[in-house]
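Asker: Sharing a structure below in C-alpha cells format, with a few things to ask.
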Protein chains: 2
Amino acid sequence: MALYEGPVQNLIDELGRLPGVGPKSAQRIAFYLLKAAPEDAKRLAQSIVDAKDRVSWCRRCFNIAEGELCAFCKDERRDATLLCIVEEPRDIVAIERTAEFRGRYHVLQGAISPIEGVGPDQLRVKELLHRISGEGVEEIILATNPNIEGEATAMYLARLLKPAGIRVTRIASGLPVGGDLEYADEVTLGRAFEGRREVDA
Amino acid sequence: MALYEGPVQNLIDELGRLPGVGPKSAQRIAFYLLKAAPEDAKRLAQSIVDAKDRVSWCRRCFNIAEGELCAFCKDERRDATLLCIVEEPRDIVAIERTAEFRGRYHVLQGAISPIEGVGPDQLRVKELLHRISGEGVEEIILATNPNIEGEATAMYLARLLKPAGIRVTRIASGLPVGGDLEYADEVTLGRAFEGRREVDA
C-alpha cells in the first residue's frame with residue numbers, strides 16, 4: 001500500500017504499530033485525523049507527549065505514577081498489611097472498581113512466559129521481596145490473570161513466598177456472575193466445581 | 001474511570017475519540033504507549049503533527065495531497081476523459097489496487113445523508129461541475145458506496161449530470177468473487193440478478 005504519499009503513509013505505519021490496530025483501522029484513523037480540525041489532531045499528539053514526559057513508574061509498587069509514588073502508595077489509609085499482586089497497572093483499575101480491596105498493590109509488569117522469554121528476572125519480583133521484608137505485609141493476594149502465564153506466575157510466587165511465613169492467597173476462578181452453565185467452557189466449569197464452598201443456610 | 005491520574009486519563013480520553021477505538025482499546029493503547037520506548041511514542045505524536053502540517057486537499061479533485069495537486073492530478077498519463085467519483089480518498093486506494101482504472105478522480109468528501117444533515121452543498125459537487133465543463137470529461141463513473149447514502153448520492157449526481165450530455169455509469173453491484181450464493185444477503189443477490197449479463201461463449 002505505497003499508494004499514499006510520505007506523511008500519510010508514515011502516519012498509517014505508526015498507527016498500525018499500536019495494539020489492536022490493524023492496517024484497515026490504521027488507515028481509517030489516519031483519514032479521520034486528516035479530516036479532523038488541526039487543534040483536535042494536535043491535542044492527541046500533545047497528550048501522547050505529555051503522558052510520556054510526566055508519567056513514570058511508582059518507585060515502590062511499579063504502578064503508573066506522576067512523581068515518585070502512585071496514588072495508592074501515597075494514600076496512608078490503605079491497609080499496608082494486605083498486598084495484592086497484579087500483572088499490569090490496568091488490573092488495579094479493574095480491582096478498584098469492585099471496591100472489595102483496601103490494601104496496597106504490587107505490579108509485576110508482566111507474567112512469566114517461557115515462549116516470550118519472560119522469566120522472574122524480567123518482572124518486578126526482586127522488588128516485591130524487598131517490600132515484604134520492610135512493610136509488615138501479612139497477606140499476599142495473587143491476582144495475576146487466570147490464564148497459563150498468570151497461573152504459572154502465581155504458582156512461582158506462591159512457592160517463593162510460602163517459606164517466609166506469610167499467608168498467600170489466590171483470587172477465585174469460576175463461573176462469571178450472570179453467566180450460563182451451558183455456555184461455560186469446561187475448564188472454567190471444572191474450576192467452579194473445584195472451588196465450591198459450603199452454603200450458609 | 002477517573003481512577004487514572006491527569007495525563008494518563010487525558011491520553012485515554014483523546015485516544016477514545018478515534019473511530020473504532022472504544023474505552024477498552026483506548027486504555028490498552030495508552031498503557032502500550034506508557035510502556036513503549038519514549039522515542040517510539042514520540043514518533044507517533046510527530047507523525048500526527050507532520051501529517052496535519054504537510055498534507056491538505058488536492059485543489060482539483062480533493063484527494064489528499066502534499067502541495068497543490070495530488071499524485072493522480074499531477075500524472076499527465078492519466079486519462080482526463082474518464083472521471084471516477086468517490087466518497088473518500090481511501091476509496092481511491094481501493095480502486096488503484098484493482099489496476100482497472102486509468103482515469104482521474106473526484107472526491108466528494110462524503111455522501112448525501114439527510115439523517116446526518118449532509119446535502120449536496122456539504123459535498124464537493126459544485127467543484128465537480130466546474131471540472132466537467134473545463135476538462136473534456138467524456139464519461140463519469142459513479143463509484144460511491146453501494147449503501148443507502150452512496151446510492152442516493154449516485155442517483156442525485158446521475159440526474160444532475162445527464163442533461164450535460166456526458167455518459168454517466170455506475171459500478172456494478174453483485175456477488176463478491178469467491179463468495180457463496182447461500183450466504184449472500186437477498187439485496188445483493190437481487191442486484192446480481194438485476195445486473196446479469198449475456199455470457200460470451
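Within each chain, counting starts at residue 1; across the C-alpha cells, chains are named A, B, ... in the order shown, with ligands numbered 1 upward in that order.
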Superimpose chain A on chain B so that the squared distances between all in-order C-alpha pairs are minimised, and send the result as a PDB file with C-alpha atoms, in the first residue's frame.

Answerer:
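Output saved as selection_10.pdb:
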```pdb
ATOM      1  CA  MET A   1     -12.985   5.689  35.273  1.00  0.00           C
ATOM      2  CA  ALA A   2     -11.434   8.709  36.947  1.00  0.00           C
ATOM      3  CA  LEU A   3      -9.043   6.339  38.715  1.00  0.00           C
ATOM      4  CA  TYR A   4      -6.194   7.363  36.439  1.00  0.00           C
ATOM      5  CA  GLU A   5      -4.146  10.442  37.106  1.00  0.00           C
ATOM      6  CA  GLY A   6      -4.195  13.548  34.871  1.00  0.00           C
ATOM      7  CA  PRO A   7      -2.028  12.894  31.807  1.00  0.00           C
ATOM      8  CA  VAL A   8      -2.928   9.200  31.605  1.00  0.00           C
ATOM      9  CA  GLN A   9      -6.678   9.845  31.739  1.00  0.00           C
ATOM     10  CA  ASN A  10      -6.169  12.642  29.229  1.00  0.00           C
ATOM     11  CA  LEU A  11      -4.364  10.294  26.833  1.00  0.00           C
ATOM     12  CA  ILE A  12      -7.105   7.651  27.218  1.00  0.00           C
ATOM     13  CA  ASP A  13      -9.770  10.298  26.518  1.00  0.00           C
ATOM     14  CA  GLU A  14      -7.996  11.539  23.391  1.00  0.00           C
ATOM     15  CA  LEU A  15      -7.434   8.009  22.055  1.00  0.00           C
ATOM     16  CA  GLY A  16     -11.069   7.135  22.790  1.00  0.00           C
ATOM     17  CA  ARG A  17     -12.193   9.836  20.343  1.00  0.00           C
ATOM     18  CA  LEU A  18     -10.634   7.977  17.410  1.00  0.00           C
ATOM     19  CA  PRO A  19     -12.995   5.965  15.191  1.00  0.00           C
ATOM     20  CA  GLY A  20     -13.222   2.294  16.132  1.00  0.00           C
ATOM     21  CA  VAL A  21     -11.382   2.834  19.417  1.00  0.00           C
ATOM     22  CA  GLY A  22     -13.643   2.062  22.397  1.00  0.00           C
ATOM     23  CA  PRO A  23     -12.828   2.768  26.062  1.00  0.00           C
ATOM     24  CA  LYS A  24     -11.112  -0.644  26.488  1.00  0.00           C
ATOM     25  CA  SER A  25      -8.921  -0.229  23.389  1.00  0.00           C
ATOM     26  CA  ALA A  26      -8.094   3.340  24.376  1.00  0.00           C
ATOM     27  CA  GLN A  27      -6.870   2.091  27.750  1.00  0.00           C
ATOM     28  CA  ARG A  28      -4.893  -0.716  26.139  1.00  0.00           C
ATOM     29  CA  ILE A  29      -3.219   1.635  23.651  1.00  0.00           C
ATOM     30  CA  ALA A  30      -2.474   4.178  26.390  1.00  0.00           C
ATOM     31  CA  PHE A  31      -0.692   1.584  28.527  1.00  0.00           C
ATOM     32  CA  TYR A  32       1.143   0.312  25.479  1.00  0.00           C
ATOM     33  CA  LEU A  33       2.398   3.848  24.861  1.00  0.00           C
ATOM     34  CA  LEU A  34       3.340   4.359  28.526  1.00  0.00           C
ATOM     35  CA  LYS A  35       5.407   1.161  28.381  1.00  0.00           C
ATOM     36  CA  ALA A  36       6.907   1.915  24.947  1.00  0.00           C
ATOM     37  CA  ALA A  37      10.302   3.513  24.450  1.00  0.00           C
ATOM     38  CA  PRO A  38       9.925   7.333  24.632  1.00  0.00           C
ATOM     39  CA  GLU A  39      11.255   7.722  21.068  1.00  0.00           C
ATOM     40  CA  ASP A  40       8.630   5.297  19.699  1.00  0.00           C
ATOM     41  CA  ALA A  41       5.746   7.101  21.391  1.00  0.00           C
ATOM     42  CA  LYS A  42       7.024  10.491  20.314  1.00  0.00           C
ATOM     43  CA  ARG A  43       7.486   9.306  16.735  1.00  0.00           C
ATOM     44  CA  LEU A  44       3.753   8.574  16.658  1.00  0.00           C
ATOM     45  CA  ALA A  45       2.978  12.031  18.065  1.00  0.00           C
ATOM     46  CA  GLN A  46       5.290  13.607  15.486  1.00  0.00           C
ATOM     47  CA  SER A  47       3.713  11.657  12.597  1.00  0.00           C
ATOM     48  CA  ILE A  48       0.330  13.135  13.542  1.00  0.00           C
ATOM     49  CA  VAL A  49       1.739  16.666  13.642  1.00  0.00           C
ATOM     50  CA  ASP A  50       3.616  16.134  10.344  1.00  0.00           C
ATOM     51  CA  ALA A  51       0.574  14.779   8.547  1.00  0.00           C
ATOM     52  CA  LYS A  52      -1.558  17.715   9.712  1.00  0.00           C
ATOM     53  CA  ASP A  53       1.125  20.235   8.778  1.00  0.00           C
ATOM     54  CA  ARG A  54       2.107  18.843   5.386  1.00  0.00           C
ATOM     55  CA  VAL A  55      -0.996  17.184   3.976  1.00  0.00           C
ATOM     56  CA  SER A  56      -4.046  19.002   2.689  1.00  0.00           C
ATOM     57  CA  TRP A  57      -6.608  18.573  -0.092  1.00  0.00           C
ATOM     58  CA  CYS A  58      -5.841  18.508  -3.808  1.00  0.00           C
ATOM     59  CA  ARG A  59      -7.069  21.809  -5.260  1.00  0.00           C
ATOM     60  CA  ARG A  60      -8.636  19.987  -8.220  1.00  0.00           C
ATOM     61  CA  CYS A  61     -10.014  16.613  -7.045  1.00  0.00           C
ATOM     62  CA  PHE A  62     -10.002  16.921  -3.212  1.00  0.00           C
ATOM     63  CA  ASN A  63      -7.938  13.812  -2.706  1.00  0.00           C
ATOM     64  CA  ILE A  64      -5.198  14.135  -0.072  1.00  0.00           C
ATOM     65  CA  ALA A  65      -2.172  15.978  -1.413  1.00  0.00           C
ATOM     66  CA  GLU A  66       1.188  17.287  -0.370  1.00  0.00           C
ATOM     67  CA  GLY A  67       1.213  20.619  -2.198  1.00  0.00           C
ATOM     68  CA  GLU A  68      -1.370  21.956  -4.643  1.00  0.00           C
ATOM     69  CA  LEU A  69      -2.228  18.822  -6.640  1.00  0.00           C
ATOM     70  CA  CYS A  70      -2.430  15.118  -5.702  1.00  0.00           C
ATOM     71  CA  ALA A  71      -0.348  12.390  -7.352  1.00  0.00           C
ATOM     72  CA  PHE A  72      -3.143  11.492  -9.798  1.00  0.00           C
ATOM     73  CA  CYS A  73      -3.898  15.044 -10.893  1.00  0.00           C
ATOM     74  CA  LYS A  74      -0.172  15.691 -11.428  1.00  0.00           C
ATOM     75  CA  ASP A  75       0.253  12.515 -13.514  1.00  0.00           C
ATOM     76  CA  GLU A  76      -0.166  13.553 -17.165  1.00  0.00           C
ATOM     77  CA  ARG A  77      -0.522   9.923 -18.289  1.00  0.00           C
ATOM     78  CA  ARG A  78      -3.900   9.556 -16.548  1.00  0.00           C
ATOM     79  CA  ASP A  79      -6.840   9.711 -18.976  1.00  0.00           C
ATOM     80  CA  ALA A  80      -8.605  13.022 -18.374  1.00  0.00           C
ATOM     81  CA  THR A  81     -11.706  11.964 -20.348  1.00  0.00           C
ATOM     82  CA  LEU A  82     -12.628   9.397 -17.656  1.00  0.00           C
ATOM     83  CA  LEU A  83     -13.636  10.760 -14.261  1.00  0.00           C
ATOM     84  CA  CYS A  84     -14.335   8.476 -11.319  1.00  0.00           C
ATOM     85  CA  ILE A  85     -16.398   9.933  -8.450  1.00  0.00           C
ATOM     86  CA  VAL A  86     -15.675   8.546  -4.977  1.00  0.00           C
ATOM     87  CA  GLU A  87     -16.752   9.454  -1.450  1.00  0.00           C
ATOM     88  CA  GLU A  88     -13.370   9.453   0.313  1.00  0.00           C
ATOM     89  CA  PRO A  89      -9.631   9.457  -0.526  1.00  0.00           C
ATOM     90  CA  ARG A  90      -9.281   5.888   0.807  1.00  0.00           C
ATOM     91  CA  ASP A  91     -11.686   4.714  -1.934  1.00  0.00           C
ATOM     92  CA  ILE A  92      -9.099   5.793  -4.507  1.00  0.00           C
ATOM     93  CA  VAL A  93      -6.565   3.429  -2.967  1.00  0.00           C
ATOM     94  CA  ALA A  94      -9.032   0.542  -3.196  1.00  0.00           C
ATOM     95  CA  ILE A  95      -9.701   1.313  -6.871  1.00  0.00           C
ATOM     96  CA  GLU A  96      -5.999   1.739  -7.679  1.00  0.00           C
ATOM     97  CA  ARG A  97      -5.326  -1.734  -6.303  1.00  0.00           C
ATOM     98  CA  THR A  98      -7.573  -3.203  -9.021  1.00  0.00           C
ATOM     99  CA  ALA A  99      -5.398  -1.611 -11.757  1.00  0.00           C
ATOM    100  CA  GLU A 100      -8.649  -1.424 -13.804  1.00  0.00           C
ATOM    101  CA  PHE A 101      -8.932   2.333 -13.997  1.00  0.00           C
ATOM    102  CA  ARG A 102      -6.519   4.769 -15.626  1.00  0.00           C
ATOM    103  CA  GLY A 103      -8.612   7.930 -15.518  1.00  0.00           C
ATOM    104  CA  ARG A 104      -8.837  10.717 -12.952  1.00  0.00           C
ATOM    105  CA  TYR A 105     -10.748  11.022  -9.699  1.00  0.00           C
ATOM    106  CA  HIS A 106     -13.035  13.412  -7.909  1.00  0.00           C
ATOM    107  CA  VAL A 107     -13.508  13.038  -4.158  1.00  0.00           C
ATOM    108  CA  LEU A 108     -16.869  14.206  -2.817  1.00  0.00           C
ATOM    109  CA  GLN A 109     -15.593  14.032   0.805  1.00  0.00           C
ATOM    110  CA  GLY A 110     -18.764  12.331   1.958  1.00  0.00           C
ATOM    111  CA  ALA A 111     -22.156  11.154   0.745  1.00  0.00           C
ATOM    112  CA  ILE A 112     -25.659  12.580   0.872  1.00  0.00           C
ATOM    113  CA  SER A 113     -27.206  11.666   4.219  1.00  0.00           C
ATOM    114  CA  PRO A 114     -30.331  13.511   5.365  1.00  0.00           C
ATOM    115  CA  ILE A 115     -30.035  11.865   8.807  1.00  0.00           C
ATOM    116  CA  GLU A 116     -26.582  13.344   9.351  1.00  0.00           C
ATOM    117  CA  GLY A 117     -27.566  16.614   7.715  1.00  0.00           C
ATOM    118  CA  VAL A 118     -25.264  16.148   4.715  1.00  0.00           C
ATOM    119  CA  GLY A 119     -26.710  17.488   1.471  1.00  0.00           C
ATOM    120  CA  PRO A 120     -25.055  18.243  -1.904  1.00  0.00           C
ATOM    121  CA  ASP A 121     -23.879  21.626  -0.569  1.00  0.00           C
ATOM    122  CA  GLN A 122     -21.673  19.906   2.038  1.00  0.00           C
ATOM    123  CA  LEU A 123     -20.023  17.805  -0.689  1.00  0.00           C
ATOM    124  CA  ARG A 124     -17.610  18.821  -3.471  1.00  0.00           C
ATOM    125  CA  VAL A 125     -20.410  18.851  -6.080  1.00  0.00           C
ATOM    126  CA  LYS A 126     -20.034  22.454  -7.194  1.00  0.00           C
ATOM    127  CA  GLU A 127     -16.321  21.820  -7.820  1.00  0.00           C
ATOM    128  CA  LEU A 128     -17.238  18.705  -9.820  1.00  0.00           C
ATOM    129  CA  LEU A 129     -19.493  20.729 -12.131  1.00  0.00           C
ATOM    130  CA  HIS A 130     -16.702  23.239 -12.706  1.00  0.00           C
ATOM    131  CA  ARG A 131     -14.293  20.441 -13.627  1.00  0.00           C
ATOM    132  CA  ILE A 132     -16.629  18.783 -16.109  1.00  0.00           C
ATOM    133  CA  SER A 133     -17.053  21.916 -18.170  1.00  0.00           C
ATOM    134  CA  GLY A 134     -13.309  22.619 -18.291  1.00  0.00           C
ATOM    135  CA  GLU A 135     -11.523  19.261 -18.535  1.00  0.00           C
ATOM    136  CA  GLY A 136     -13.088  17.488 -21.544  1.00  0.00           C
ATOM    137  CA  VAL A 137     -14.634  14.702 -19.457  1.00  0.00           C
ATOM    138  CA  GLU A 138     -16.481  12.101 -21.597  1.00  0.00           C
ATOM    139  CA  GLU A 139     -17.547   9.525 -19.025  1.00  0.00           C
ATOM    140  CA  ILE A 140     -18.312   9.847 -15.346  1.00  0.00           C
ATOM    141  CA  ILE A 141     -18.116   6.645 -13.309  1.00  0.00           C
ATOM    142  CA  LEU A 142     -20.087   6.870 -10.065  1.00  0.00           C
ATOM    143  CA  ALA A 143     -18.117   4.796  -7.555  1.00  0.00           C
ATOM    144  CA  THR A 144     -19.851   5.862  -4.343  1.00  0.00           C
ATOM    145  CA  ASN A 145     -20.528   3.049  -1.849  1.00  0.00           C
ATOM    146  CA  PRO A 146     -23.337   0.573  -2.630  1.00  0.00           C
ATOM    147  CA  ASN A 147     -25.238   1.562   0.538  1.00  0.00           C
ATOM    148  CA  ILE A 148     -28.188   3.895   1.119  1.00  0.00           C
ATOM    149  CA  GLU A 149     -26.118   7.102   1.251  1.00  0.00           C
ATOM    150  CA  GLY A 150     -23.884   6.138  -1.658  1.00  0.00           C
ATOM    151  CA  GLU A 151     -26.834   5.112  -3.844  1.00  0.00           C
ATOM    152  CA  ALA A 152     -28.677   8.335  -3.051  1.00  0.00           C
ATOM    153  CA  THR A 153     -25.560  10.315  -3.952  1.00  0.00           C
ATOM    154  CA  ALA A 154     -25.128   8.382  -7.205  1.00  0.00           C
ATOM    155  CA  MET A 155     -28.802   8.953  -8.130  1.00  0.00           C
ATOM    156  CA  TYR A 156     -28.514  12.657  -7.347  1.00  0.00           C
ATOM    157  CA  LEU A 157     -25.367  13.056  -9.448  1.00  0.00           C
ATOM    158  CA  ALA A 158     -26.763  10.988 -12.341  1.00  0.00           C
ATOM    159  CA  ARG A 159     -29.800  13.275 -12.544  1.00  0.00           C
ATOM    160  CA  LEU A 160     -27.613  16.353 -12.268  1.00  0.00           C
ATOM    161  CA  LEU A 161     -25.092  15.262 -14.910  1.00  0.00           C
ATOM    162  CA  LYS A 162     -27.243  13.519 -17.536  1.00  0.00           C
ATOM    163  CA  PRO A 163     -28.546  16.792 -19.070  1.00  0.00           C
ATOM    164  CA  ALA A 164     -24.925  17.823 -19.777  1.00  0.00           C
ATOM    165  CA  GLY A 165     -24.781  15.041 -22.399  1.00  0.00           C
ATOM    166  CA  ILE A 166     -21.977  13.156 -20.648  1.00  0.00           C
ATOM    167  CA  ARG A 167     -22.046   9.370 -20.314  1.00  0.00           C
ATOM    168  CA  VAL A 168     -22.744   8.558 -16.632  1.00  0.00           C
ATOM    169  CA  THR A 169     -22.138   4.990 -15.378  1.00  0.00           C
ATOM    170  CA  ARG A 170     -22.401   3.244 -12.035  1.00  0.00           C
ATOM    171  CA  ILE A 171     -20.073   0.475 -10.797  1.00  0.00           C
ATOM    172  CA  ALA A 172     -21.790  -2.942 -10.655  1.00  0.00           C
ATOM    173  CA  SER A 173     -23.304  -4.509  -7.554  1.00  0.00           C
ATOM    174  CA  GLY A 174     -23.479  -8.294  -7.230  1.00  0.00           C
ATOM    175  CA  LEU A 175     -22.001 -11.312  -5.533  1.00  0.00           C
ATOM    176  CA  PRO A 176     -18.402 -10.921  -4.380  1.00  0.00           C
ATOM    177  CA  VAL A 177     -15.959 -13.058  -6.363  1.00  0.00           C
ATOM    178  CA  GLY A 178     -15.233 -16.240  -4.399  1.00  0.00           C
ATOM    179  CA  GLY A 179     -18.481 -15.719  -2.505  1.00  0.00           C
ATOM    180  CA  ASP A 180     -21.239 -18.203  -1.859  1.00  0.00           C
ATOM    181  CA  LEU A 181     -24.847 -17.891  -3.086  1.00  0.00           C
ATOM    182  CA  GLU A 182     -26.060 -19.485   0.106  1.00  0.00           C
ATOM    183  CA  TYR A 183     -24.584 -16.772   2.306  1.00  0.00           C
ATOM    184  CA  ALA A 184     -25.400 -13.771   0.116  1.00  0.00           C
ATOM    185  CA  ASP A 185     -27.982 -11.373   1.514  1.00  0.00           C
ATOM    186  CA  GLU A 186     -31.159 -11.044  -0.551  1.00  0.00           C
ATOM    187  CA  VAL A 187     -30.494  -7.476  -1.652  1.00  0.00           C
ATOM    188  CA  THR A 188     -27.074  -8.349  -3.069  1.00  0.00           C
ATOM    189  CA  LEU A 189     -28.433 -11.486  -4.726  1.00  0.00           C
ATOM    190  CA  GLY A 190     -31.301  -9.450  -6.166  1.00  0.00           C
ATOM    191  CA  ARG A 191     -28.786  -6.989  -7.592  1.00  0.00           C
ATOM    192  CA  ALA A 192     -26.776  -9.859  -9.045  1.00  0.00           C
ATOM    193  CA  PHE A 193     -29.890 -10.994 -10.941  1.00  0.00           C
ATOM    194  CA  GLU A 194     -30.816  -7.493 -11.988  1.00  0.00           C
ATOM    195  CA  GLY A 195     -27.282  -6.877 -13.333  1.00  0.00           C
ATOM    196  CA  ARG A 196     -26.958 -10.240 -15.144  1.00  0.00           C
ATOM    197  CA  ARG A 197     -25.112 -10.188 -18.460  1.00  0.00           C
ATOM    198  CA  GLU A 198     -25.090 -12.276 -21.628  1.00  0.00           C
ATOM    199  CA  VAL A 199     -22.426 -14.985 -21.447  1.00  0.00           C
ATOM    200  CA  ASP A 200     -19.985 -14.895 -24.345  1.00  0.00           C
ATOM    201  CA  ALA A 201     -19.590 -18.555 -25.275  1.00  0.00           C
TER     202      ALA A 201
END
```

Asker: Check the DSSP output for the backbone and give back, as a PyMOL selection string, the residues of region 57-132 of chain B in strand (DSSP E).

Answerer: chain B and resi 57+64-65+79-86+103-107

Asker: Check the DSSP output for the backbone and give back, as a PyMOL selection string, the residues of region 104-200 of chain A in alpha helix (DSSP H).

Answerer: chain A and resi 125-135+148-161+186-194
